[in-house]
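Peer 1: Provided below: input27.cif, containing mmCIF, C-alpha atoms.
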```cif
data_target
#
loop_
_atom_site.label_atom_id
_atom_site.label_comp_id
_atom_site.auth_asym_id
_atom_site.auth_seq_id
_atom_site.Cartn_x
_atom_site.Cartn_y
_atom_site.Cartn_z
CA MET D 1 22.78 -6.21 12.76
CA LYS D 2 19.83 -7.10 14.97
CA ASN D 3 17.25 -7.57 12.21
CA VAL D 4 17.36 -9.04 8.71
CA LEU D 5 14.47 -8.27 6.36
CA LEU D 6 13.93 -9.76 2.89
CA VAL D 7 12.10 -7.21 0.73
CA ASP D 8 11.01 -9.25 -2.28
CA GLN D 9 8.22 -8.93 -4.83
CA SER D 10 5.82 -11.39 -3.21
CA ALA D 11 2.26 -10.17 -2.64
CA ILE D 12 1.59 -8.24 0.57
CA GLY D 13 -1.80 -9.89 1.03
CA LYS D 14 -4.07 -12.40 -0.66
CA SER D 15 -7.32 -10.79 0.48
CA ALA D 16 -9.10 -8.24 -1.69
CA ARG D 17 -9.81 -6.36 1.55
CA SER D 18 -6.10 -5.66 2.04
CA SER D 19 -4.85 -2.44 0.47
CA PRO D 20 -1.95 0.03 0.64
CA ILE D 21 -3.69 2.04 3.36
CA THR D 22 -4.40 -1.02 5.52
CA TYR D 23 -0.85 -2.35 5.03
CA LEU D 24 0.58 0.89 6.41
CA LYS D 25 -1.96 0.83 9.29
CA ALA D 26 -3.20 4.29 8.29
CA PHE D 27 -6.75 3.07 7.69
CA ASP D 28 -7.12 2.70 11.47
CA ASN D 29 -6.76 6.48 11.79
CA ILE D 30 -9.20 7.11 8.94
CA ARG D 31 -11.78 4.82 10.57
CA ASN D 32 -11.32 6.64 13.88
CA LEU D 33 -11.87 9.94 12.10
CA MET D 34 -15.07 8.69 10.46
CA SER D 35 -16.41 7.36 13.76
CA GLN D 36 -15.93 10.77 15.41
CA THR D 37 -18.17 12.64 12.95
CA PRO D 38 -21.43 13.91 14.51
CA ASP D 39 -23.67 11.57 12.48
CA ALA D 40 -21.55 8.53 13.35
CA VAL D 41 -21.56 9.41 17.05
CA GLN D 42 -25.34 9.92 16.96
CA ARG D 43 -25.85 6.48 15.41
CA GLY D 44 -23.43 4.79 17.80
CA TYR D 45 -20.94 3.82 15.10
CA THR D 46 -17.40 2.93 16.15
CA ALA D 47 -14.14 2.63 14.21
CA GLY D 48 -14.95 -1.06 13.81
CA THR D 49 -18.15 -0.17 11.95
CA PHE D 50 -15.98 1.10 9.09
CA SER D 51 -13.81 -2.04 8.96
CA LEU D 52 -13.96 -4.35 5.96
CA ASN D 53 -12.75 -7.34 7.95
CA VAL D 54 -15.69 -7.76 10.33
CA ASP D 55 -19.44 -7.69 10.00
CA GLY D 56 -21.24 -4.51 10.91
CA GLY D 57 -20.70 -1.85 8.30
CA ARG D 58 -19.41 -3.88 5.38
CA CYS D 59 -21.72 -5.22 2.68
CA PRO D 60 -23.10 -8.58 3.85
CA ALA D 61 -23.33 -9.94 0.31
CA CYS D 62 -19.70 -9.53 -0.81
CA ARG D 63 -18.30 -9.33 2.75
CA GLY D 64 -16.41 -6.13 1.96
CA THR D 65 -14.65 -7.20 -1.23
CA GLY D 66 -16.87 -5.20 -3.59
CA PHE D 67 -17.23 -8.03 -6.08
CA GLU D 68 -18.63 -11.49 -6.61
CA GLU D 69 -16.64 -14.32 -8.14
CA ILE D 70 -18.54 -16.78 -10.29
CA ASP D 71 -17.07 -20.25 -10.64
CA MET D 72 -17.01 -21.17 -14.35
CA GLN D 73 -15.69 -24.70 -13.65
CA PHE D 74 -13.47 -25.39 -16.68
CA MET D 75 -12.93 -21.71 -17.52
CA ASP D 76 -11.41 -18.81 -15.59
CA ASN D 77 -13.70 -17.50 -12.88
CA VAL D 78 -15.69 -14.38 -13.75
CA ILE D 79 -15.48 -11.42 -11.38
CA ILE D 80 -18.36 -8.93 -11.39
CA PRO D 81 -19.18 -5.94 -9.12
CA CYS D 82 -21.39 -6.84 -6.18
CA ASP D 83 -25.01 -6.11 -7.19
CA VAL D 84 -25.96 -5.28 -3.58
CA CYS D 85 -23.39 -2.55 -2.82
CA ASP D 86 -22.50 -1.83 -6.47
CA GLY D 87 -18.84 -2.43 -5.70
CA LYS D 88 -18.73 0.11 -2.86
CA LYS D 89 -18.07 -2.56 -0.18
CA TYR D 90 -20.25 -0.93 2.52
CA ARG D 91 -23.90 -0.83 3.53
CA ASN D 92 -25.81 2.20 2.25
CA GLU D 93 -26.34 3.59 5.76
CA ILE D 94 -22.57 3.59 6.34
CA LEU D 95 -22.05 5.57 3.15
CA GLU D 96 -24.34 8.27 4.55
CA ILE D 97 -21.58 9.19 7.02
CA THR D 98 -19.22 11.77 5.55
CA PHE D 99 -16.04 13.53 6.58
CA ASN D 100 -15.43 16.78 4.69
CA GLN D 101 -18.28 15.79 2.35
CA LYS D 102 -16.76 12.41 1.44
CA ASN D 103 -17.88 8.98 2.61
CA VAL D 104 -15.51 6.10 3.32
CA HIS D 105 -15.89 4.62 -0.17
CA GLU D 106 -15.03 7.95 -1.79
CA ILE D 107 -12.01 8.30 0.48
CA LEU D 108 -10.74 4.82 -0.41
CA SER D 109 -11.20 5.70 -4.10
CA MET D 110 -8.79 8.65 -3.81
CA THR D 111 -5.27 8.39 -5.11
CA VAL D 112 -2.46 8.81 -2.61
CA HIS D 113 -1.73 12.21 -4.17
CA GLU D 114 -5.34 13.35 -3.73
CA ALA D 115 -5.55 12.01 -0.18
CA MET D 116 -2.40 13.88 0.89
CA ASN D 117 -4.19 17.15 0.15
CA PHE D 118 -7.45 15.92 1.67
CA PHE D 119 -5.82 14.95 4.98
CA VAL D 120 -3.36 17.83 5.11
CA ALA D 121 -4.50 18.69 8.66
CA HIS D 122 -4.08 15.10 9.89
CA PRO D 123 -0.36 14.19 10.09
CA ASN D 124 -1.05 10.70 11.44
CA ILE D 125 -2.67 9.91 8.08
CA ARG D 126 -0.69 12.19 5.79
CA LYS D 127 2.73 10.99 6.98
CA PRO D 128 2.39 7.37 5.77
CA LEU D 129 0.88 8.67 2.54
CA SER D 130 3.90 10.92 2.00
CA VAL D 131 6.13 7.84 2.28
CA LEU D 132 4.15 6.21 -0.52
CA LYS D 133 4.88 9.29 -2.60
CA GLU D 134 8.59 8.96 -1.79
CA VAL D 135 8.69 5.47 -3.31
CA GLY D 136 6.73 6.57 -6.41
CA LEU D 137 3.35 5.03 -5.52
CA ASP D 138 1.29 8.21 -5.24
CA TYR D 139 -0.83 7.09 -8.22
CA LEU D 140 -2.31 4.13 -6.30
CA THR D 141 -5.76 4.47 -4.78
CA LEU D 142 -5.96 4.05 -1.01
CA GLY D 143 -8.28 1.07 -1.27
CA GLN D 144 -6.70 -0.68 -4.23
CA PRO D 145 -6.82 -4.45 -3.53
CA ALA D 146 -3.38 -5.69 -2.50
CA ASN D 147 -3.74 -8.75 -4.71
CA SER D 148 -3.96 -6.47 -7.77
CA LEU D 149 -0.55 -4.85 -7.20
CA SER D 150 2.41 -5.83 -9.36
CA GLY D 151 5.48 -7.43 -7.81
CA GLY D 152 7.42 -4.18 -8.08
CA GLU D 153 4.61 -2.20 -6.46
CA SER D 154 4.38 -4.71 -3.59
CA GLN D 155 8.13 -4.45 -3.05
CA ARG D 156 8.09 -0.67 -2.93
CA LEU D 157 5.12 -0.78 -0.58
CA LYS D 158 7.17 -2.94 1.80
CA ILE D 159 9.98 -0.38 1.61
CA ALA D 160 7.47 2.38 2.34
CA LYS D 161 6.35 0.53 5.46
CA GLU D 162 9.96 0.36 6.65
CA LEU D 163 10.42 4.08 6.04
CA SER D 164 7.33 4.81 8.11
CA GLN D 165 8.79 2.96 11.10
CA VAL D 166 10.41 4.90 13.92
CA SER D 167 13.92 3.62 13.19
CA GLN D 168 15.74 1.46 10.68
CA LYS D 169 18.92 1.16 12.77
CA ASN D 170 20.67 -2.22 12.94
CA THR D 171 18.50 -3.66 10.16
CA LEU D 172 19.88 -5.43 7.10
CA TYR D 173 17.58 -5.14 4.08
CA ILE D 174 17.90 -7.68 1.26
CA LEU D 175 16.24 -6.69 -2.02
CA ASP D 176 15.81 -9.05 -4.96
CA GLU D 177 15.77 -7.30 -8.37
CA PRO D 178 13.89 -4.19 -7.14
CA THR D 179 14.12 -2.39 -10.51
CA THR D 180 12.18 -5.05 -12.45
CA GLY D 181 9.52 -3.28 -14.52
CA LEU D 182 10.47 0.20 -13.28
CA HIS D 183 10.82 3.31 -15.44
CA PHE D 184 14.16 5.13 -15.08
CA LYS D 185 12.42 7.91 -13.11
CA GLU D 186 11.08 5.31 -10.69
CA ILE D 187 14.57 3.82 -10.36
CA GLU D 188 15.85 7.26 -9.41
CA LEU D 189 13.21 7.46 -6.66
CA LEU D 190 14.11 3.96 -5.49
CA MET D 191 17.78 4.89 -5.12
CA LYS D 192 16.87 7.93 -3.01
CA VAL D 193 14.79 5.69 -0.76
CA LEU D 194 17.58 3.12 -0.37
CA HIS D 195 20.02 5.88 0.56
CA LYS D 196 17.49 7.09 3.13
CA LEU D 197 17.41 3.61 4.73
CA ILE D 198 21.21 3.66 4.94
CA GLU D 199 21.31 7.18 6.38
CA ALA D 200 18.88 6.02 9.07
CA GLY D 201 21.39 3.38 10.20
CA GLY D 202 20.43 0.38 8.10
CA SER D 203 22.39 -1.63 5.54
CA VAL D 204 21.16 -2.74 2.13
CA ILE D 205 22.10 -5.74 -0.02
CA VAL D 206 20.65 -5.65 -3.53
CA VAL D 207 20.58 -8.49 -6.06
CA GLU D 208 20.54 -6.46 -9.27
CA HIS D 209 21.66 -6.24 -12.91
CA ASN D 210 20.77 -2.60 -13.52
CA LEU D 211 23.99 -0.61 -13.96
CA ASP D 212 22.46 2.59 -12.50
CA VAL D 213 21.88 0.70 -9.26
CA ILE D 214 25.21 -1.11 -9.30
CA LYS D 215 27.25 2.08 -9.71
CA ASN D 216 25.73 3.41 -6.47
CA ALA D 217 26.96 0.44 -4.44
CA ASP D 218 29.80 0.74 -1.93
CA TYR D 219 30.76 -2.89 -2.61
CA ILE D 220 30.05 -5.11 -5.62
CA ILE D 221 30.10 -8.92 -5.64
CA ASP D 222 30.14 -10.16 -9.23
CA MET D 223 28.84 -13.73 -9.40
CA GLY D 224 29.33 -16.24 -12.24
CA PRO D 225 29.44 -18.14 -14.36
CA GLU D 226 32.26 -16.11 -15.89
CA ALA D 227 32.13 -13.27 -13.42
CA GLY D 228 34.73 -10.57 -12.85
CA LYS D 229 37.04 -9.94 -15.80
CA ALA D 230 35.38 -12.68 -17.85
CA GLY D 231 31.88 -11.35 -17.13
#
```
Translate the structure described by the file into structure tokens.

Peer 2:
Amino acid sequence: MKNVLLVDQSAIGKSARSSPITYLKAFDNIRNLMSQTPDAVQRGYTAGTFSLNVDGGRCPACRGTGFEEIDMQFMDNVIIPCDVCDGKKYRNEILEITFNQKNVHEILSMTVHEAMNFFVAHPNIRKPLSVLKEVGLDYLTLGQPANSLSGGESQRLKIAKELSQVSQKNTLYILDEPTTGLHFKEIELLMKVLHKLIEAGGSVIVVEHNLDVIKNADYIIDMGPEAGKAG
């Protein structure tokens, strides 16, 4: 194996500006699409204008997060929608630019399932979204903050990113308890995805207690105390 990848349940990003669509790099294509609309071209907007990571199109008050965090000192901080952009993350003039009658905020508010239909004619956007559907994450919104995802969702998002790569050959994937918090239907989807990684030329090691996962393994290492016959 040339590559070893640990696919755990750690967060994919600490910033509220990170999201499933940015993690899969598909937001770059959406921003390019927005910048090519007639109104955007007329105003001189570029793909960078629609970025949440740099100044230009993002709300200057919340810096593209969509909220304000109030320090309560001895209590938990209070998070409220930004009163300048009303939680929409962008300047009003940016929201005037639309693609198929939707502005960038409305697009980021779509679920993966909705966006797959919306971008049906754009395979460079639809393809990574279809991978999210494969791993059972089609209910997420495109712009959902990465720091709001559960550990299981973050793990499946990492798997989705691997599936969207050109090749998984000569890669060893190590997964730590991937079924934690999953419904049995989601476990079924997960197993299909793991088999797809293997069929593409990769190998998978899973640390797991779920019997439905274990019975699909080619090899099982039972670890103690009191493993094997005494387990």

Peer 1: Residues within 9 Å of Ser18 of chain D, please, as a list of chain:residue names. Count all atoms listed in the file; anything in the same chain fewer than 4 positions from it doesn't count.

Peer 2: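 Once the adjacent positions are removed, what remains is D:Ile12, D:Gly13, D:Lys14, D:Thr22, D:Tyr23, D:Leu52, D:Gly143, D:Gln144, D:Pro145, D:Ala146, D:Asn147.
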
Peer 1: Residues picked by the PyMOL selection byres ((chain D and resi 188) around 12) here, as a PyMOL selection string?

Peer 2: chain D and resi 134-136+178-179+182-187+189-195+210+212-213+216

Peer 1: Please write as a short mmCIF file (atom, residue, chain, number, x, y, z; two decimals) with C-alpha atoms, in the frame of the given file the full residue list that the PyMOL selection byres ((chain D and resi 11) around 12) yields on this file.

Peer 2:
```cif
data_model
loop_
_atom_site.label_atom_id
_atom_site.label_comp_id
_atom_site.auth_asym_id
_atom_site.auth_seq_id
_atom_site.Cartn_x
_atom_site.Cartn_y
_atom_site.Cartn_z
CA VAL D 7 12.10 -7.21 0.73
CA ASP D 8 11.01 -9.25 -2.28
CA GLN D 9 8.22 -8.93 -4.83
CA SER D 10 5.82 -11.39 -3.21
CA ILE D 12 1.59 -8.24 0.57
CA GLY D 13 -1.80 -9.89 1.03
CA LYS D 14 -4.07 -12.40 -0.66
CA SER D 15 -7.32 -10.79 0.48
CA ALA D 16 -9.10 -8.24 -1.69
CA SER D 18 -6.10 -5.66 2.04
CA SER D 19 -4.85 -2.44 0.47
CA PRO D 20 -1.95 0.03 0.64
CA TYR D 23 -0.85 -2.35 5.03
CA PRO D 145 -6.82 -4.45 -3.53
CA ALA D 146 -3.38 -5.69 -2.50
CA ASN D 147 -3.74 -8.75 -4.71
CA SER D 148 -3.96 -6.47 -7.77
CA LEU D 149 -0.55 -4.85 -7.20
CA SER D 150 2.41 -5.83 -9.36
CA GLY D 151 5.48 -7.43 -7.81
CA GLY D 152 7.42 -4.18 -8.08
CA GLU D 153 4.61 -2.20 -6.46
CA SER D 154 4.38 -4.71 -3.59
CA GLN D 155 8.13 -4.45 -3.05
CA ARG D 156 8.09 -0.67 -2.93
CA LEU D 157 5.12 -0.78 -0.58
CA LYS D 158 7.17 -2.94 1.80
#
```

Peer 1: Using all atoms listed in the file, find the one residue out of D:Thr141, D:Leu132, D:Lys25, D:Gly202 that sits nearest to Asn170 of chain D.

Peer 2: D:Gly202

Peer 1: Pull the neighbourhood of (-14.6, -3.0, -6.3) for me: all residues within 7 Å in file coordinates, counting all atoms listed in the file, as a list in words.

Peer 2: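 The residues that fall inside the cut-off are Thr65, Gly66, Phe67, Pro81, Gly87 and Lys88 of chain D.
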
Peer 1: Which is closest to Glu96 of chain D among D:His113, D:Ile79, D:Leu142, D:Ala40, if we use only C-alpha atoms?

Peer 2: D:Ala40

Peer 1: Can you list, as a ChimeraX atom specification, the residues that the PyMOL selection byres ((chain D and resi 2) around 8) selects here?

Peer 2: /D:1,3-4,170-171

Peer 1: Can you spit out the residues from that selection as a compact mmCIF listing (two decimals), in the coordinates of the input, using C-alpha atoms?

Peer 2:
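Resulting contents of result.txt:
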```
# COMPACT_ATOMS: atom_id res chain seq x y z
CA MET D 1 22.78 -6.21 12.76
CA ASN D 3 17.25 -7.57 12.21
CA VAL D 4 17.36 -9.04 8.71
CA ASN D 170 20.67 -2.22 12.94
CA THR D 171 18.50 -3.66 10.16
```

Peer 1: Quote the spacing between atom CA of Phe118 of chain D and atom CA of Lys102 of chain D in Å to one decimal place.

Peer 2: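 According to the coordinates, atom CA of Phe118 of chain D and atom CA of Lys102 of chain D are separated by 10.0 Å.
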
Peer 1: Could you tell me how far atom CA of Val120 of chain D sits from atom CA of Gly56 of chain D, in Å to one decimal place?

Peer 2: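 Here the two named atoms are 29.2 Å from each other.
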
Peer 1: Quick one: of D:Asp86, D:Gln73, D:Val104, D:Leu24, who's nearest to Ala160 of chain D, counting only C-alpha atoms?

Peer 2: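 Looking only at the distances to Ala160 of chain D, the closest residue turns out to be D:Leu24.
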
Peer 1: From the list D:Glu226, D:Glu162, D:Glu68, D:Asp176, which residue is nearest Val207 of chain D when using all atoms listed in the file?

Peer 2: D:Asp176

Peer 1: Kindly indicate which residue among D:Leu140, D:Gly44, D:Thr98, D:Leu5 lies nearest to Met110 of chain D, using all atoms listed in the file for the distances.

Peer 2: D:Leu140

Peer 1: D:Asn29, D:Leu211, D:Val204, D:Lys161: which is nearest Leu175 of chain D, counting all atoms listed in the file?

Peer 2: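 Closest residue, counting all atoms listed in the file: D:Val204.
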
Peer 1: May I ask for the distance between atom CA of Val112 of chain D and atom CA of Leu6 of chain D, given in Å to one decimal place?

Peer 2: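 Value for the atom CA of Val112 of chain D-atom CA of Leu6 of chain D distance: 25.4 Å.
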